[in-house]
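Structure file upload_2.cif; described as mmCIF, N, CA and C atoms.
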```
data_final
loop_
_atom_site.label_atom_id
_atom_site.label_comp_id
_atom_site.auth_asym_id
_atom_site.auth_seq_id
_atom_site.Cartn_x
_atom_site.Cartn_y
_atom_site.Cartn_z
N MET A 1 110.19 120.31 118.57
CA MET A 1 109.44 119.31 119.30
C MET A 1 110.38 118.13 119.59
N ARG A 2 110.43 117.75 120.84
CA ARG A 2 111.28 116.64 121.27
C ARG A 2 110.46 115.62 122.03
N LEU A 3 110.84 114.37 121.85
CA LEU A 3 110.22 113.31 122.64
C LEU A 3 110.87 113.27 124.00
N SER A 4 110.09 112.96 125.01
CA SER A 4 110.63 112.78 126.35
C SER A 4 111.19 111.37 126.47
N THR A 5 111.80 111.09 127.60
CA THR A 5 112.29 109.74 127.83
C THR A 5 111.14 108.74 127.85
N ARG A 6 109.94 109.19 128.23
CA ARG A 6 108.77 108.29 128.20
C ARG A 6 108.58 107.71 126.81
N GLY A 7 108.59 108.56 125.81
CA GLY A 7 108.38 108.12 124.44
C GLY A 7 109.54 107.29 123.92
N ARG A 8 110.75 107.75 124.17
CA ARG A 8 111.93 107.03 123.68
C ARG A 8 112.05 105.65 124.34
N TYR A 9 111.93 105.60 125.65
CA TYR A 9 112.03 104.33 126.36
C TYR A 9 110.86 103.41 126.01
N GLY A 10 109.68 103.98 125.92
CA GLY A 10 108.50 103.17 125.58
C GLY A 10 108.62 102.53 124.22
N LEU A 11 109.12 103.27 123.25
CA LEU A 11 109.30 102.72 121.91
C LEU A 11 110.36 101.63 121.91
N ARG A 12 111.43 101.84 122.65
CA ARG A 12 112.48 100.81 122.73
C ARG A 12 111.95 99.54 123.40
N ALA A 13 111.18 99.70 124.45
CA ALA A 13 110.61 98.53 125.13
C ALA A 13 109.66 97.78 124.21
N MET A 14 108.84 98.51 123.48
CA MET A 14 107.90 97.87 122.55
C MET A 14 108.64 97.19 121.40
N PHE A 15 109.72 97.78 120.94
CA PHE A 15 110.52 97.15 119.90
C PHE A 15 111.12 95.84 120.42
N HIS A 16 111.57 95.86 121.67
CA HIS A 16 112.10 94.63 122.27
C HIS A 16 111.03 93.54 122.30
N LEU A 17 109.82 93.91 122.69
CA LEU A 17 108.73 92.95 122.70
C LEU A 17 108.42 92.45 121.28
N ALA A 18 108.53 93.34 120.30
CA ALA A 18 108.29 92.94 118.91
C ALA A 18 109.35 91.94 118.44
N GLN A 19 110.58 92.14 118.87
CA GLN A 19 111.66 91.22 118.49
C GLN A 19 111.40 89.81 119.03
N HIS A 20 110.66 89.72 120.12
CA HIS A 20 110.39 88.43 120.75
C HIS A 20 108.92 88.04 120.67
N TYR A 21 108.23 88.62 119.70
CA TYR A 21 106.80 88.34 119.52
C TYR A 21 106.60 86.84 119.29
N GLY A 22 105.63 86.28 119.99
CA GLY A 22 105.31 84.87 119.84
C GLY A 22 106.10 83.95 120.75
N GLU A 23 107.02 84.50 121.51
CA GLU A 23 107.85 83.69 122.40
C GLU A 23 107.31 83.62 123.82
N GLY A 24 106.20 84.28 124.07
CA GLY A 24 105.63 84.31 125.41
C GLY A 24 106.00 85.58 126.15
N PRO A 25 105.57 85.68 127.41
CA PRO A 25 105.81 86.90 128.18
C PRO A 25 107.29 87.11 128.50
N ILE A 26 107.66 88.37 128.54
CA ILE A 26 109.04 88.76 128.86
C ILE A 26 109.01 89.60 130.13
N ALA A 27 109.85 89.22 131.08
CA ALA A 27 109.91 89.93 132.37
C ALA A 27 110.38 91.36 132.16
N LEU A 28 109.85 92.25 132.96
CA LEU A 28 110.21 93.66 132.88
C LEU A 28 111.72 93.85 133.08
N LYS A 29 112.30 93.10 133.98
CA LYS A 29 113.74 93.20 134.23
C LYS A 29 114.53 92.82 132.99
N THR A 30 114.07 91.83 132.26
CA THR A 30 114.75 91.41 131.02
C THR A 30 114.73 92.54 130.00
N ILE A 31 113.58 93.17 129.84
CA ILE A 31 113.46 94.30 128.90
C ILE A 31 114.37 95.43 129.36
N ALA A 32 114.30 95.77 130.64
CA ALA A 32 115.10 96.87 131.19
C ALA A 32 116.59 96.63 130.97
N ASP A 33 117.05 95.42 131.26
CA ASP A 33 118.47 95.10 131.09
C ASP A 33 118.89 95.13 129.63
N ALA A 34 118.07 94.55 128.76
CA ALA A 34 118.40 94.49 127.34
C ALA A 34 118.43 95.86 126.69
N GLU A 35 117.56 96.75 127.13
CA GLU A 35 117.43 98.07 126.51
C GLU A 35 118.10 99.19 127.31
N ASN A 36 118.74 98.80 128.41
CA ASN A 36 119.43 99.77 129.27
C ASN A 36 118.48 100.89 129.71
N ILE A 37 117.34 100.48 130.22
CA ILE A 37 116.31 101.39 130.71
C ILE A 37 116.09 101.07 132.19
N PRO A 38 116.02 102.06 133.06
CA PRO A 38 115.74 101.76 134.47
C PRO A 38 114.42 100.99 134.63
N GLU A 39 114.49 99.90 135.35
CA GLU A 39 113.29 99.08 135.54
C GLU A 39 112.16 99.87 136.20
N ALA A 40 112.51 100.71 137.15
CA ALA A 40 111.48 101.52 137.83
C ALA A 40 110.77 102.45 136.84
N TYR A 41 111.49 102.92 135.85
CA TYR A 41 110.89 103.79 134.84
C TYR A 41 109.92 102.99 133.98
N LEU A 42 110.33 101.78 133.59
CA LEU A 42 109.45 100.93 132.79
C LEU A 42 108.18 100.56 133.56
N GLU A 43 108.31 100.41 134.88
CA GLU A 43 107.14 100.11 135.70
C GLU A 43 106.09 101.20 135.60
N GLN A 44 106.50 102.42 135.31
CA GLN A 44 105.56 103.53 135.13
C GLN A 44 104.98 103.56 133.72
N LEU A 45 105.75 103.12 132.74
CA LEU A 45 105.31 103.20 131.34
C LEU A 45 104.37 102.08 130.93
N MET A 46 104.67 100.88 131.39
CA MET A 46 103.93 99.71 130.91
C MET A 46 102.43 99.76 131.22
N PRO A 47 102.00 100.27 132.38
CA PRO A 47 100.55 100.37 132.59
C PRO A 47 99.85 101.27 131.55
N LYS A 48 100.53 102.30 131.09
CA LYS A 48 99.94 103.17 130.06
C LYS A 48 99.80 102.41 128.74
N LEU A 49 100.79 101.59 128.42
CA LEU A 49 100.73 100.79 127.20
C LEU A 49 99.69 99.67 127.32
N LYS A 50 99.52 99.16 128.54
CA LYS A 50 98.48 98.16 128.78
C LYS A 50 97.10 98.79 128.65
N LYS A 51 96.93 99.98 129.22
CA LYS A 51 95.65 100.68 129.14
C LYS A 51 95.29 100.98 127.68
N ALA A 52 96.31 101.25 126.85
CA ALA A 52 96.09 101.51 125.43
C ALA A 52 95.90 100.21 124.65
N GLU A 53 95.90 99.08 125.36
CA GLU A 53 95.69 97.75 124.80
C GLU A 53 96.76 97.36 123.79
N LEU A 54 97.99 97.80 124.05
CA LEU A 54 99.12 97.46 123.19
C LEU A 54 99.92 96.28 123.73
N VAL A 55 99.84 96.06 125.05
CA VAL A 55 100.53 94.94 125.67
C VAL A 55 99.56 94.17 126.57
N ASN A 56 99.87 92.91 126.75
CA ASN A 56 99.17 92.07 127.72
C ASN A 56 100.15 91.74 128.82
N VAL A 57 99.62 91.52 130.01
CA VAL A 57 100.44 91.18 131.17
C VAL A 57 100.05 89.80 131.65
N MET A 58 101.06 89.00 131.93
CA MET A 58 100.84 87.69 132.54
C MET A 58 101.51 87.74 133.91
N ARG A 59 100.75 87.43 134.92
CA ARG A 59 101.26 87.43 136.30
C ARG A 59 101.93 86.10 136.62
N GLY A 60 102.73 86.10 137.67
CA GLY A 60 103.31 84.86 138.15
C GLY A 60 104.79 84.74 137.84
N ALA A 61 105.36 83.62 138.25
CA ALA A 61 106.81 83.39 138.13
C ALA A 61 107.27 83.42 136.68
N GLN A 62 106.46 82.94 135.76
CA GLN A 62 106.83 82.93 134.34
C GLN A 62 106.14 84.07 133.59
N GLY A 63 105.69 85.06 134.34
CA GLY A 63 104.93 86.16 133.76
C GLY A 63 105.80 87.22 133.13
N GLY A 64 105.13 88.23 132.65
CA GLY A 64 105.80 89.35 132.02
C GLY A 64 104.88 90.03 131.04
N TYR A 65 105.47 90.72 130.09
CA TYR A 65 104.72 91.49 129.10
C TYR A 65 104.91 90.89 127.72
N MET A 66 103.88 91.06 126.89
CA MET A 66 103.97 90.68 125.49
C MET A 66 103.02 91.57 124.69
N LEU A 67 103.32 91.71 123.41
CA LEU A 67 102.46 92.52 122.56
C LEU A 67 101.07 91.92 122.50
N SER A 68 100.07 92.77 122.40
CA SER A 68 98.69 92.30 122.35
C SER A 68 98.29 91.85 120.95
N THR A 69 99.08 92.21 119.95
CA THR A 69 98.80 91.85 118.57
C THR A 69 100.12 91.80 117.81
N GLU A 70 100.07 91.41 116.57
CA GLU A 70 101.28 91.31 115.75
C GLU A 70 101.97 92.67 115.61
N PRO A 71 103.30 92.67 115.51
CA PRO A 71 104.04 93.94 115.38
C PRO A 71 103.58 94.80 114.21
N GLU A 72 103.12 94.18 113.15
CA GLU A 72 102.65 94.92 111.97
C GLU A 72 101.40 95.73 112.26
N ASN A 73 100.69 95.38 113.32
CA ASN A 73 99.43 96.05 113.66
C ASN A 73 99.59 97.17 114.69
N ILE A 74 100.82 97.45 115.11
CA ILE A 74 101.05 98.49 116.12
C ILE A 74 101.95 99.56 115.49
N SER A 75 101.44 100.76 115.40
CA SER A 75 102.22 101.85 114.81
C SER A 75 103.00 102.60 115.88
N VAL A 76 103.99 103.32 115.43
CA VAL A 76 104.76 104.18 116.34
C VAL A 76 103.81 105.18 117.02
N GLY A 77 102.85 105.70 116.26
CA GLY A 77 101.87 106.62 116.83
C GLY A 77 101.04 105.98 117.93
N ASP A 78 100.67 104.71 117.73
CA ASP A 78 99.91 103.98 118.76
C ASP A 78 100.68 103.94 120.07
N ILE A 79 102.00 103.83 119.97
CA ILE A 79 102.86 103.72 121.15
C ILE A 79 103.10 105.09 121.78
N LEU A 80 103.42 106.07 120.96
CA LEU A 80 103.83 107.37 121.49
C LEU A 80 102.67 108.20 122.06
N ARG A 81 101.49 108.10 121.47
CA ARG A 81 100.38 108.93 121.96
C ARG A 81 100.02 108.66 123.42
N PRO A 82 99.89 107.40 123.86
CA PRO A 82 99.56 107.19 125.28
C PRO A 82 100.68 107.65 126.23
N LEU A 83 101.90 107.69 125.73
CA LEU A 83 103.04 108.06 126.58
C LEU A 83 103.33 109.55 126.54
N GLU A 84 103.15 110.18 125.39
CA GLU A 84 103.51 111.58 125.20
C GLU A 84 102.31 112.52 125.12
N GLY A 85 101.15 111.98 124.79
CA GLY A 85 99.99 112.83 124.57
C GLY A 85 99.89 113.21 123.11
N ASP A 86 99.02 114.16 122.83
CA ASP A 86 98.78 114.62 121.47
C ASP A 86 100.01 115.33 120.93
N PHE A 87 100.32 115.12 119.67
CA PHE A 87 101.50 115.74 119.07
C PHE A 87 101.16 117.05 118.38
N ALA A 88 100.37 117.87 119.01
CA ALA A 88 100.06 119.18 118.48
C ALA A 88 101.19 120.14 118.83
N PRO A 89 101.67 120.91 117.85
CA PRO A 89 102.79 121.81 118.11
C PRO A 89 102.44 123.03 118.96
N THR A 90 101.16 123.35 119.08
CA THR A 90 100.74 124.49 119.90
C THR A 90 99.51 124.11 120.71
N ALA A 91 99.28 124.83 121.79
CA ALA A 91 98.13 124.55 122.66
C ALA A 91 96.80 124.76 121.93
N CYS A 92 96.76 125.70 120.99
CA CYS A 92 95.50 125.95 120.29
C CYS A 92 95.09 124.77 119.41
N MET A 93 96.04 123.92 119.07
CA MET A 93 95.73 122.74 118.24
C MET A 93 95.15 121.60 119.08
N THR A 94 95.30 121.65 120.37
CA THR A 94 94.77 120.60 121.23
C THR A 94 93.40 120.95 121.81
N GLY A 95 93.00 122.20 121.67
CA GLY A 95 91.76 122.65 122.27
C GLY A 95 91.94 123.11 123.69
N GLU A 96 93.19 123.09 124.19
CA GLU A 96 93.47 123.51 125.57
C GLU A 96 93.47 125.03 125.72
N ASP A 97 93.79 125.75 124.64
CA ASP A 97 93.91 127.20 124.72
C ASP A 97 92.97 127.85 123.72
N ASN A 98 91.89 128.39 124.22
CA ASN A 98 90.90 129.06 123.37
C ASN A 98 90.98 130.57 123.52
N SER A 99 92.11 131.07 124.01
CA SER A 99 92.21 132.50 124.31
C SER A 99 92.72 133.34 123.14
N CYS A 100 93.06 132.72 122.02
CA CYS A 100 93.63 133.47 120.90
C CYS A 100 92.57 134.33 120.23
N GLU A 101 92.87 135.61 120.08
CA GLU A 101 91.90 136.53 119.47
C GLU A 101 91.79 136.33 117.96
N LYS A 102 92.73 135.59 117.36
CA LYS A 102 92.70 135.36 115.91
C LYS A 102 92.24 133.94 115.57
N GLN A 103 91.62 133.30 116.49
CA GLN A 103 91.29 131.88 116.35
C GLN A 103 90.58 131.56 115.03
N GLY A 104 89.64 132.33 114.62
CA GLY A 104 88.89 132.04 113.40
C GLY A 104 89.61 132.38 112.11
N VAL A 105 90.60 133.25 112.17
CA VAL A 105 91.29 133.70 110.95
C VAL A 105 92.81 133.63 111.10
N CYS A 106 93.30 132.69 111.82
CA CYS A 106 94.74 132.58 112.09
C CYS A 106 95.42 131.77 110.99
N THR A 107 96.28 132.43 110.24
CA THR A 107 97.01 131.71 109.19
C THR A 107 98.11 130.84 109.78
N SER A 108 98.63 131.20 110.94
CA SER A 108 99.64 130.35 111.59
C SER A 108 99.04 129.01 111.96
N ARG A 109 97.78 129.01 112.32
CA ARG A 109 97.11 127.77 112.71
C ARG A 109 97.13 126.76 111.56
N ILE A 110 97.03 127.24 110.35
CA ILE A 110 97.10 126.36 109.18
C ILE A 110 98.45 125.67 109.12
N VAL A 111 99.51 126.41 109.42
CA VAL A 111 100.86 125.83 109.45
C VAL A 111 100.93 124.77 110.54
N TRP A 112 100.44 125.11 111.74
CA TRP A 112 100.50 124.16 112.87
C TRP A 112 99.69 122.91 112.57
N GLU A 113 98.55 123.09 111.90
CA GLU A 113 97.70 121.94 111.55
C GLU A 113 98.41 121.03 110.55
N ARG A 114 99.06 121.62 109.55
CA ARG A 114 99.80 120.81 108.58
C ARG A 114 100.96 120.07 109.25
N LEU A 115 101.64 120.76 110.16
CA LEU A 115 102.74 120.13 110.89
C LEU A 115 102.23 118.95 111.73
N LYS A 116 101.15 119.17 112.44
CA LYS A 116 100.56 118.11 113.26
C LYS A 116 100.15 116.93 112.38
N ASN A 117 99.49 117.20 111.26
CA ASN A 117 99.05 116.14 110.37
C ASN A 117 100.24 115.37 109.78
N GLY A 118 101.30 116.09 109.44
CA GLY A 118 102.49 115.44 108.91
C GLY A 118 103.15 114.53 109.93
N ILE A 119 103.28 115.01 111.15
CA ILE A 119 103.86 114.20 112.22
C ILE A 119 103.02 112.94 112.45
N ASN A 120 101.71 113.11 112.53
CA ASN A 120 100.84 111.96 112.75
C ASN A 120 100.88 110.98 111.58
N GLU A 121 100.98 111.50 110.37
CA GLU A 121 101.05 110.63 109.19
C GLU A 121 102.31 109.76 109.24
N VAL A 122 103.43 110.36 109.60
CA VAL A 122 104.68 109.60 109.70
C VAL A 122 104.58 108.57 110.82
N MET A 123 104.13 109.00 112.00
CA MET A 123 104.04 108.09 113.14
C MET A 123 103.08 106.93 112.88
N ASN A 124 101.98 107.22 112.20
CA ASN A 124 101.01 106.17 111.91
C ASN A 124 101.45 105.27 110.76
N GLY A 125 102.39 105.76 109.97
CA GLY A 125 102.85 105.02 108.80
C GLY A 125 104.00 104.06 109.08
N ILE A 126 104.50 104.04 110.30
CA ILE A 126 105.60 103.15 110.67
C ILE A 126 105.12 102.20 111.75
N SER A 127 105.17 100.92 111.45
CA SER A 127 104.75 99.91 112.43
C SER A 127 105.98 99.29 113.09
N LEU A 128 105.73 98.57 114.17
CA LEU A 128 106.82 97.81 114.78
C LEU A 128 107.37 96.79 113.79
N GLY A 129 106.51 96.26 112.93
CA GLY A 129 106.96 95.35 111.88
C GLY A 129 107.94 96.03 110.94
N ASP A 130 107.64 97.28 110.57
CA ASP A 130 108.56 98.05 109.72
C ASP A 130 109.89 98.26 110.43
N MET A 131 109.82 98.53 111.72
CA MET A 131 111.05 98.73 112.49
C MET A 131 111.88 97.45 112.53
N LEU A 132 111.21 96.30 112.65
CA LEU A 132 111.93 95.02 112.63
C LEU A 132 112.61 94.82 111.28
N ASP A 133 111.91 95.14 110.20
CA ASP A 133 112.50 95.03 108.86
C ASP A 133 113.72 95.95 108.73
N ASP A 134 113.58 97.18 109.21
CA ASP A 134 114.69 98.14 109.15
C ASP A 134 115.88 97.64 109.96
N TYR A 135 115.61 97.07 111.10
CA TYR A 135 116.67 96.54 111.96
C TYR A 135 117.42 95.41 111.25
N ASP A 136 116.68 94.50 110.65
CA ASP A 136 117.30 93.39 109.92
C ASP A 136 118.15 93.92 108.76
N ARG A 137 117.65 94.94 108.06
CA ARG A 137 118.39 95.54 106.95
C ARG A 137 119.68 96.17 107.46
N LEU A 138 119.59 96.90 108.57
CA LEU A 138 120.79 97.53 109.13
C LEU A 138 121.82 96.50 109.56
N LEU A 139 121.35 95.41 110.15
CA LEU A 139 122.28 94.33 110.55
C LEU A 139 122.96 93.71 109.34
N SER A 140 122.19 93.48 108.26
CA SER A 140 122.78 92.85 107.08
C SER A 140 123.78 93.78 106.38
N GLU A 141 123.58 95.08 106.49
CA GLU A 141 124.51 96.04 105.89
C GLU A 141 125.82 96.11 106.65
N GLN A 142 125.82 95.69 107.91
CA GLN A 142 127.04 95.74 108.72
C GLN A 142 127.97 94.57 108.42
N VAL A 143 127.46 93.54 107.80
CA VAL A 143 128.27 92.34 107.56
C VAL A 143 129.17 92.53 106.37
#
```

Represent the structure contained in this file as structure tokens.
Amino acid sequence: MRLSTRGRYGLRAMFHLAQHYGEGPIALKTIADAENIPEAYLEQLMPKLKKAELVNVMRGAQGGYMLSTEPENISVGDILRPLEGDFAPTACMTGEDNSCEKQGVCTSRIVWERLKNGINEVMNGISLGDMLDDYDRLLSEQV
């Protein structure tokens, strides 16, 4: 299972907003330049994050994006799900594929369910606040 650029870029953009939480709105171009992400790509991602109520938008000359709540209240899972969709390893785990003849007695499904639950547990267990702490720790270790 791999994340697409949507998930990777979206997480980086949200981390950038977390680094500047409380400083007011940040222009999309500023985020794009700082994170080396094409601005046009971010223009596609940010509405999904806004719809998920993770960011607020301020219009106008001093406008831009900012987190809708404190970084500690936004998990990696909160960010990745609107951008990537459900993290089910197989179609039968999403309810999209009901064609399996072993659906009621499939032992593989138990494996896929545990994998899905493990991925979601990790994603939900890491907040932007945790990422900020990790970043500070990594910076201090470089000195």

Taking only segment 28-131 of chain A into account, list the residues labelled strand (DSSP E or B) by DSSP (computed from the backbone), as a VMD selection string. chain A and resid 55 to 58 64 to 67 75 127

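Counting only N, CA and C atoms, the residue from A:Ile31, A:Met14, A:Pro89, A:Leu83 that sits nearest to Trp112 of chain A is A:Pro89.
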
Give me the residues within 8 Å of Ser68 of chain A as a ChimeraX atom specification, counting all atoms listed in the file and dropping any in the same chain fewer than 4 places off. /A:53-57

Would you please give, as a ChimeraX atom specification, all residues of chain A that DSSP assigns to helix (DSSP H, G or I) based on the backbone? /A:5-19,28-35,39-51,71-73,76-84,91-93,103-105,107-124,128-142

Separation of atom C of Arg59 of chain A from atom N of Ala27 of chain A, in Å and rounded to one decimal: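 Interatomic distance, atom C of Arg59 of chain A to atom N of Ala27 of chain A: 10.2 Å.
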